[in-house]
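> Got a structure for you, questions after.
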Amino acid sequence: MAHLRSRRRLALAVPVVLSLTASLGFLPTAASAATPAATAARAAGGPGLAYVVNTGTDRRTLESVQQAITRNGGTVVESYDRIGVIVVHSANPDFGPQMRAVRGVQSAGATRTAPLTAAGTTDEGAVQVLSKAEAAKLAEGAAAGQEPLEADQWDLRAIGADKAATINPGSRNVTVGVIDTGVDDTHPDIAPNFSASQSANCVSGKADTTYGSWRPVDADHYHGTHVAGEIAAARNGIGVAGVAPGVKVASITVAQPDATSLFYPESVVCAFVFAADHGIEITNNSYYVDPWLYNCMDDPDQRAIVDAVNRAQLYAQRKGTLNVASAGNSNDDLDSDAITDASSPDDSTATNRTVDPHECFDVPTQLPGVVTVSAVGVKDTKSYYSSYGRGVVDVAGPGGDKYQIPDTPSKNGRILSTLPNNQYGFLQGTSMASPHVAAVAALLKSAHPHATPAQLQALLKAEADNPGCPSDPYDGNGDGVVDATCVGGKRVNGFYGFGVVNALRAVD
């Protein structure tokens with residue numbers, strides 16, 4: 001699950017190229033050459049590829065385009081008419097270029113580079129499971145009023161979440177949707193706050209609301225359960241506490257059920273639309289959309305991915321949903337002129353390529369209006385792995401850092417939270433930072449129930465504490481090599497945006 005991120009912003013902070021292309025129907029017809037993905041489908045002789053076809057939202061155009069999909073050998077999986085995004089499967093190797101030539105189609109492309117098989121997160125490193133013996137020993141030393149394992153949750157104290165819970169733990173009228181690998185809602189710390197009516201499985205690109213469909217397929221798909229616990233684990237005397245232990249949490253599963261756990265675009269489109277249509281106030285997005293770490297606008301497939309996911313998340317914003325996303329674990333400067341991407345595509349054979357993050361976008365975190373989150377450790381210093389960038393990162397949150405050691409019983413600088421099957425464990429990454437921010441946003445929404453997504457984002461920034469750029473050269477892992485350069489001042493900078501979020505200020 002290397003693409004999961006323990007991982008962003010207001011429209012004015014959006015790169016100019018993207019801000020000019022943010023509205024529906026923003027993409028011109030691309031070249032009609034057959035794509036590498038289509039060639040792979042032909043060579044494999046298998047069931048083909050998944051595609052997104054983006055078009056207008058009027059009935060006549062939608063019907064015409066759907067007829068063209070059928071003529072060109074495609075099968076509609078789901079049509080999101082309100083945003084003009086159609087999810088399609090096709091074994092026709094020329095389906096993409098043929099659809100891009102159809103009148104009314106604004107962009108179309110394959111969402112993967114390997115053929116479909118029978119039916120990306122941002123954590124950094126493997127999970128460290130807390131043994132029952134360790135948990136029992138930790139619980140023995142719990143202070144009065146603390147959850148049994150809370151002494152190891154340095155992150156709660158770092159942002160005042162422990163004190164905030166005594167003032168306002170959050171409203172039951174606020175739900176955070178965890179778009180992820182699935183959530184084990186049977187976990188005793190999650191069950192009290194879980195909203196089944198706002199949960200679904202979107203892996204196919206079409207929402208499945210069958211009871212339990214939102215759960216992880218196995219214990220290896222632990223990421224979403226960890227994220228959910230960080231947000232809303234109940235203060236019930238059992239294990240850990242969430243930043244907003246009074247709000248509800250929902251699960252929208254988008255990860256492939258195999259060992260890859262890939263997050264394909266059609267699944268994420270489904271998730272944003274489902275969240276919007278089911279009254280979810282905030283979504284947490286601790287991943288990047290596979291198979292491309294950065295989606296370049298000069299590639300017709302990648303352009304269609306940006307178009308489709310952007311339409312979906314903008315639809316959610318218009319319906320009142322704030323989308324929060326992790327900035328990534330590559331220690332990339334997202335405001336630089338060039339980044340080396342050696343991991344894309346991650347569903348077939350990756351190649352080294354140099355991209356400009358102002359023209360090749362990490363989705364969804366670089367999309368307009370999405371809150372971009374970098375990670376810090378216990379010392380309020382940027383985590384060694386966290387990506388950053390002036391004008392890109394909005395705020396920061398505790399994501400953990402194995403090199404920043406807290407004064408806690410376990411001396412573990414990672415983030416402790418829930419795991420499937422009634423377990424607990426430590427993880428680090430911008431994947432862990434993003435849910436801290438989403439939870440603080442939920443506290444703000446609880447205090448300001450009529451606040452719009454843009455207003456919530458402004459409040460997050462206003463309540464944040466900014467450590468400022470470090471005075472010494474940044475050496476995140478202590479090896480004597482400068483790992484990153486912070487640009488900006490005390491109010492706003494590339495490492496922390498407007499600062500580290502503050503739960504206590506959100507409710508005080």
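Labels for the structure tokens follow display order: chains A, B, ..., residues from 1 in each chain, ligands from 1.
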Ser79 of chain A: which residues within 10 Å, counting only C-alpha atoms, same-chain residues fewer than 3 positions away excluded, as a ChimeraX atom specification?
/A:52-54,62,66,76,82-88,205-206,270
> Restricted to N, CA, C and O atoms, what would the selected residues look like written as a PDB file, in the first residue's frame?

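So out_37.pdb came out as:
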ATOM      1  N   VAL A  52     -12.923   6.947 -18.030  1.00  0.00           N
ATOM      2  CA  VAL A  52     -13.867   8.008 -17.708  1.00  0.00           C
ATOM      3  C   VAL A  52     -14.087   8.821 -18.970  1.00  0.00           C
ATOM      4  O   VAL A  52     -13.135   9.155 -19.694  1.00  0.00           O
ATOM      5  N   VAL A  53     -15.348   9.085 -19.246  1.00  0.00           N
ATOM      6  CA  VAL A  53     -15.747   9.920 -20.385  1.00  0.00           C
ATOM      7  C   VAL A  53     -16.444  11.138 -19.805  1.00  0.00           C
ATOM      8  O   VAL A  53     -17.448  11.017 -19.098  1.00  0.00           O
ATOM      9  N   ASN A  54     -15.911  12.328 -20.083  1.00  0.00           N
ATOM     10  CA  ASN A  54     -16.408  13.564 -19.489  1.00  0.00           C
ATOM     11  C   ASN A  54     -17.102  14.420 -20.546  1.00  0.00           C
ATOM     12  O   ASN A  54     -16.531  14.687 -21.607  1.00  0.00           O
ATOM     13  N   LEU A  62     -25.799  13.935 -22.943  1.00  0.00           N
ATOM     14  CA  LEU A  62     -25.540  12.693 -22.219  1.00  0.00           C
ATOM     15  C   LEU A  62     -26.045  11.477 -22.984  1.00  0.00           C
ATOM     16  O   LEU A  62     -25.340  10.461 -23.104  1.00  0.00           O
ATOM     17  N   GLN A  66     -23.660   8.544 -24.563  1.00  0.00           N
ATOM     18  CA  GLN A  66     -23.853   7.161 -24.133  1.00  0.00           C
ATOM     19  C   GLN A  66     -24.100   6.242 -25.321  1.00  0.00           C
ATOM     20  O   GLN A  66     -23.626   5.098 -25.343  1.00  0.00           O
ATOM     21  N   VAL A  76     -21.433   1.068 -20.077  1.00  0.00           N
ATOM     22  CA  VAL A  76     -21.540   2.067 -19.018  1.00  0.00           C
ATOM     23  C   VAL A  76     -21.671   1.376 -17.662  1.00  0.00           C
ATOM     24  O   VAL A  76     -22.584   0.577 -17.444  1.00  0.00           O
ATOM     25  N   ARG A  82     -25.084  14.576 -13.159  1.00  0.00           N
ATOM     26  CA  ARG A  82     -25.019  15.934 -12.633  1.00  0.00           C
ATOM     27  C   ARG A  82     -23.654  16.580 -12.810  1.00  0.00           C
ATOM     28  O   ARG A  82     -23.522  17.796 -12.756  1.00  0.00           O
ATOM     29  N   ILE A  83     -22.630  15.756 -13.023  1.00  0.00           N
ATOM     30  CA  ILE A  83     -21.300  16.326 -13.267  1.00  0.00           C
ATOM     31  C   ILE A  83     -20.761  15.947 -14.642  1.00  0.00           C
ATOM     32  O   ILE A  83     -19.645  16.320 -14.999  1.00  0.00           O
ATOM     33  N   GLY A  84     -21.515  15.182 -15.412  1.00  0.00           N
ATOM     34  CA  GLY A  84     -21.097  14.840 -16.762  1.00  0.00           C
ATOM     35  C   GLY A  84     -19.934  13.868 -16.831  1.00  0.00           C
ATOM     36  O   GLY A  84     -19.109  13.935 -17.748  1.00  0.00           O
ATOM     37  N   VAL A  85     -19.835  12.947 -15.853  1.00  0.00           N
ATOM     38  CA  VAL A  85     -18.777  11.942 -15.845  1.00  0.00           C
ATOM     39  C   VAL A  85     -19.418  10.563 -16.004  1.00  0.00           C
ATOM     40  O   VAL A  85     -20.315  10.195 -15.247  1.00  0.00           O
ATOM     41  N   ILE A  86     -18.951   9.816 -16.995  1.00  0.00           N
ATOM     42  CA  ILE A  86     -19.469   8.476 -17.256  1.00  0.00           C
ATOM     43  C   ILE A  86     -18.334   7.477 -17.072  1.00  0.00           C
ATOM     44  O   ILE A  86     -17.271   7.607 -17.683  1.00  0.00           O
ATOM     45  N   VAL A  87     -18.549   6.482 -16.211  1.00  0.00           N
ATOM     46  CA  VAL A  87     -17.569   5.422 -15.987  1.00  0.00           C
ATOM     47  C   VAL A  87     -17.878   4.276 -16.944  1.00  0.00           C
ATOM     48  O   VAL A  87     -19.025   3.810 -17.018  1.00  0.00           O
ATOM     49  N   VAL A  88     -16.860   3.824 -17.663  1.00  0.00           N
ATOM     50  CA  VAL A  88     -17.060   2.858 -18.753  1.00  0.00           C
ATOM     51  C   VAL A  88     -16.017   1.760 -18.674  1.00  0.00           C
ATOM     52  O   VAL A  88     -14.867   1.996 -18.280  1.00  0.00           O
ATOM     53  N   GLY A 205     -16.736   1.836  -9.112  1.00  0.00           N
ATOM     54  CA  GLY A 205     -17.145   3.076  -9.751  1.00  0.00           C
ATOM     55  C   GLY A 205     -18.621   3.348  -9.577  1.00  0.00           C
ATOM     56  O   GLY A 205     -19.120   4.396  -9.982  1.00  0.00           O
ATOM     57  N   LYS A 206     -19.340   2.414  -8.961  1.00  0.00           N
ATOM     58  CA  LYS A 206     -20.768   2.549  -8.672  1.00  0.00           C
ATOM     59  C   LYS A 206     -20.976   2.181  -7.215  1.00  0.00           C
ATOM     60  O   LYS A 206     -20.479   1.157  -6.739  1.00  0.00           O
ATOM     61  N   CYS A 270     -16.864   8.220  -7.696  1.00  0.00           N
ATOM     62  CA  CYS A 270     -18.033   7.669  -7.011  1.00  0.00           C
ATOM     63  C   CYS A 270     -18.076   8.123  -5.555  1.00  0.00           C
ATOM     64  O   CYS A 270     -19.126   8.514  -5.032  1.00  0.00           O
TER      65      CYS A 270
END
> May I have all residues of segment 107-297 of chain A that DSSP, computed from the backbone, assigns to helix (DSSP H, G or I), given as JSON, numbers by chain?
{"A": [132, 133, 134, 135, 136, 137, 138, 139, 140, 150, 151, 152, 154, 155, 156, 157, 158, 161, 162, 163, 164, 165, 166, 167, 191, 192, 193, 196, 197, 198, 223, 224, 225, 226, 227, 228, 229, 230, 231, 232, 265, 266, 267, 268, 269, 270, 271, 272, 273, 274, 275, 276, 277]}
> Using only C-alpha atoms for the distances, tell me which of A:Arg172, A:His89, A:Arg60, A:Arg100 is nearest to Pro449 of chain A.
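Of all the options, A:Arg172 lies closest to Pro449 of chain A.
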> Residues at most 10 Å from Glu134 of chain A, counting only C-alpha atoms, excluding those fewer than 5 positions away in the same chain, as a PyMOL selection string?
chain A and resi 129+139+149+410
> Which polymer residues have any atom within 7 Å of an atom of segment 280-291 of chain A, counting only C-alpha atoms, with same-chain residues fewer than 5 positions away left out, as an MDAnalysis selection string?
chainID A and resid 3:7 112 120:122 174:179 262:265 275 320:326 344:347 362:364 431 434:435 438 442
> Can you tell me, as a list in words, what residues are no more than 12 Å from Pro192 of chain A when counting only C-alpha atoms, ignoring any on the same chain fewer than 3 positions away?
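Near Pro192 of chain A, the qualifying residues are Arg172, Asp185, Thr186, His187, Pro188, Asp189, Ser195, Ala196, Gly229, Ala232, Ala233, Ala234, Arg235, Asn236, Ile238, Pro245, Gly246, Val247, Lys248, Val249 and Ala250 of chain A.
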> Please produce a file of those selected residues containing N, CA and C atoms, as a CSV table (one decimal), in the first residue's frame.

chain,number,residue,atom,x,y,z
A,172,ARG,N,-23.0,15.4,16.9
A,172,ARG,CA,-23.5,14.2,16.2
A,172,ARG,C,-24.1,14.5,14.8
A,185,ASP,N,-16.1,-1.1,11.3
A,185,ASP,CA,-17.0,-0.4,12.2
A,185,ASP,C,-17.4,-1.3,13.4
A,186,THR,N,-16.9,-2.5,13.4
A,186,THR,CA,-17.1,-3.4,14.6
A,186,THR,C,-16.1,-3.1,15.7
A,187,HIS,N,-15.1,-2.3,15.4
A,187,HIS,CA,-14.1,-2.0,16.4
A,187,HIS,C,-14.8,-1.2,17.6
A,188,PRO,N,-14.6,-1.6,18.8
A,188,PRO,CA,-15.3,-1.0,19.9
A,188,PRO,C,-15.1,0.5,20.1
A,189,ASP,N,-13.9,1.0,19.6
A,189,ASP,CA,-13.7,2.5,19.6
A,189,ASP,C,-14.3,3.2,18.5
A,195,SER,N,-21.5,5.8,11.1
A,195,SER,CA,-22.7,6.0,10.4
A,195,SER,C,-22.8,5.1,9.2
A,196,ALA,N,-23.6,4.0,9.4
A,196,ALA,CA,-23.8,3.0,8.3
A,196,ALA,C,-24.6,3.6,7.2
A,229,GLY,N,-10.1,6.0,13.4
A,229,GLY,CA,-9.9,6.1,14.8
A,229,GLY,C,-9.2,7.5,15.2
A,232,ALA,N,-12.4,10.0,15.0
A,232,ALA,CA,-13.6,9.9,15.9
A,232,ALA,C,-13.6,8.7,16.8
A,233,ALA,N,-12.5,8.2,17.2
A,233,ALA,CA,-12.5,7.1,18.2
A,233,ALA,C,-13.2,7.7,19.5
A,234,ALA,N,-14.2,6.9,20.0
A,234,ALA,CA,-15.0,7.4,21.1
A,234,ALA,C,-14.2,7.4,22.4
A,235,ARG,N,-14.5,8.4,23.3
A,235,ARG,CA,-14.0,8.4,24.7
A,235,ARG,C,-14.9,7.5,25.5
A,236,ASN,N,-14.6,6.2,25.5
A,236,ASN,CA,-15.5,5.3,26.1
A,236,ASN,C,-14.8,4.3,27.1
A,238,ILE,N,-12.2,2.4,26.6
A,238,ILE,CA,-11.7,1.2,26.0
A,238,ILE,C,-10.3,1.2,25.5
A,245,PRO,N,-14.1,13.2,19.2
A,245,PRO,CA,-14.7,11.9,19.6
A,245,PRO,C,-16.3,12.0,19.7
A,246,GLY,N,-16.8,13.2,19.4
A,246,GLY,CA,-18.3,13.3,19.4
A,246,GLY,C,-18.9,13.3,18.1
A,247,VAL,N,-18.1,13.4,17.0
A,247,VAL,CA,-18.7,13.4,15.6
A,247,VAL,C,-18.9,12.0,15.1
A,248,LYS,N,-19.6,11.9,14.0
A,248,LYS,CA,-19.8,10.6,13.3
A,248,LYS,C,-18.7,10.4,12.3
A,249,VAL,N,-18.5,9.2,12.0
A,249,VAL,CA,-17.5,8.8,10.9
A,249,VAL,C,-18.2,7.8,10.0
A,250,ALA,N,-18.0,8.0,8.7
A,250,ALA,CA,-18.5,7.0,7.7
A,250,ALA,C,-17.3,6.5,6.8
> As a list in words, which residues of segment 245-359 of chain A does DSSP assign to strand (DSSP E)?
Lys248, Val249, Ala250, Ser251, Ile252, Thr253, Ile282, Thr283, Asn284, Asn285, Asn295, Cys296, Leu322, Asn323, Val324, Ala325, Ser326, Ile339, Thr340, Asp341, Arg353, Thr354 and Val355 of chain A
> May I have the residues within 12 Å of Gly239 of chain A as an MDAnalysis selection string, using only C-alpha atoms and disregarding those fewer than 5 positions away in the same chain?
chainID A and resid 130 132 135:136 138:140 142 146:153 187:190 229:230 233:234 416:419 422:425
> For atom CA of Ala338 of chain A and atom CA of Arg353 of chain A, determine how far apart the two atoms are, in Å to one decimal place.
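Computing the Euclidean distance for atom CA of Ala338 of chain A and atom CA of Arg353 of chain A yields 9.9 Å.
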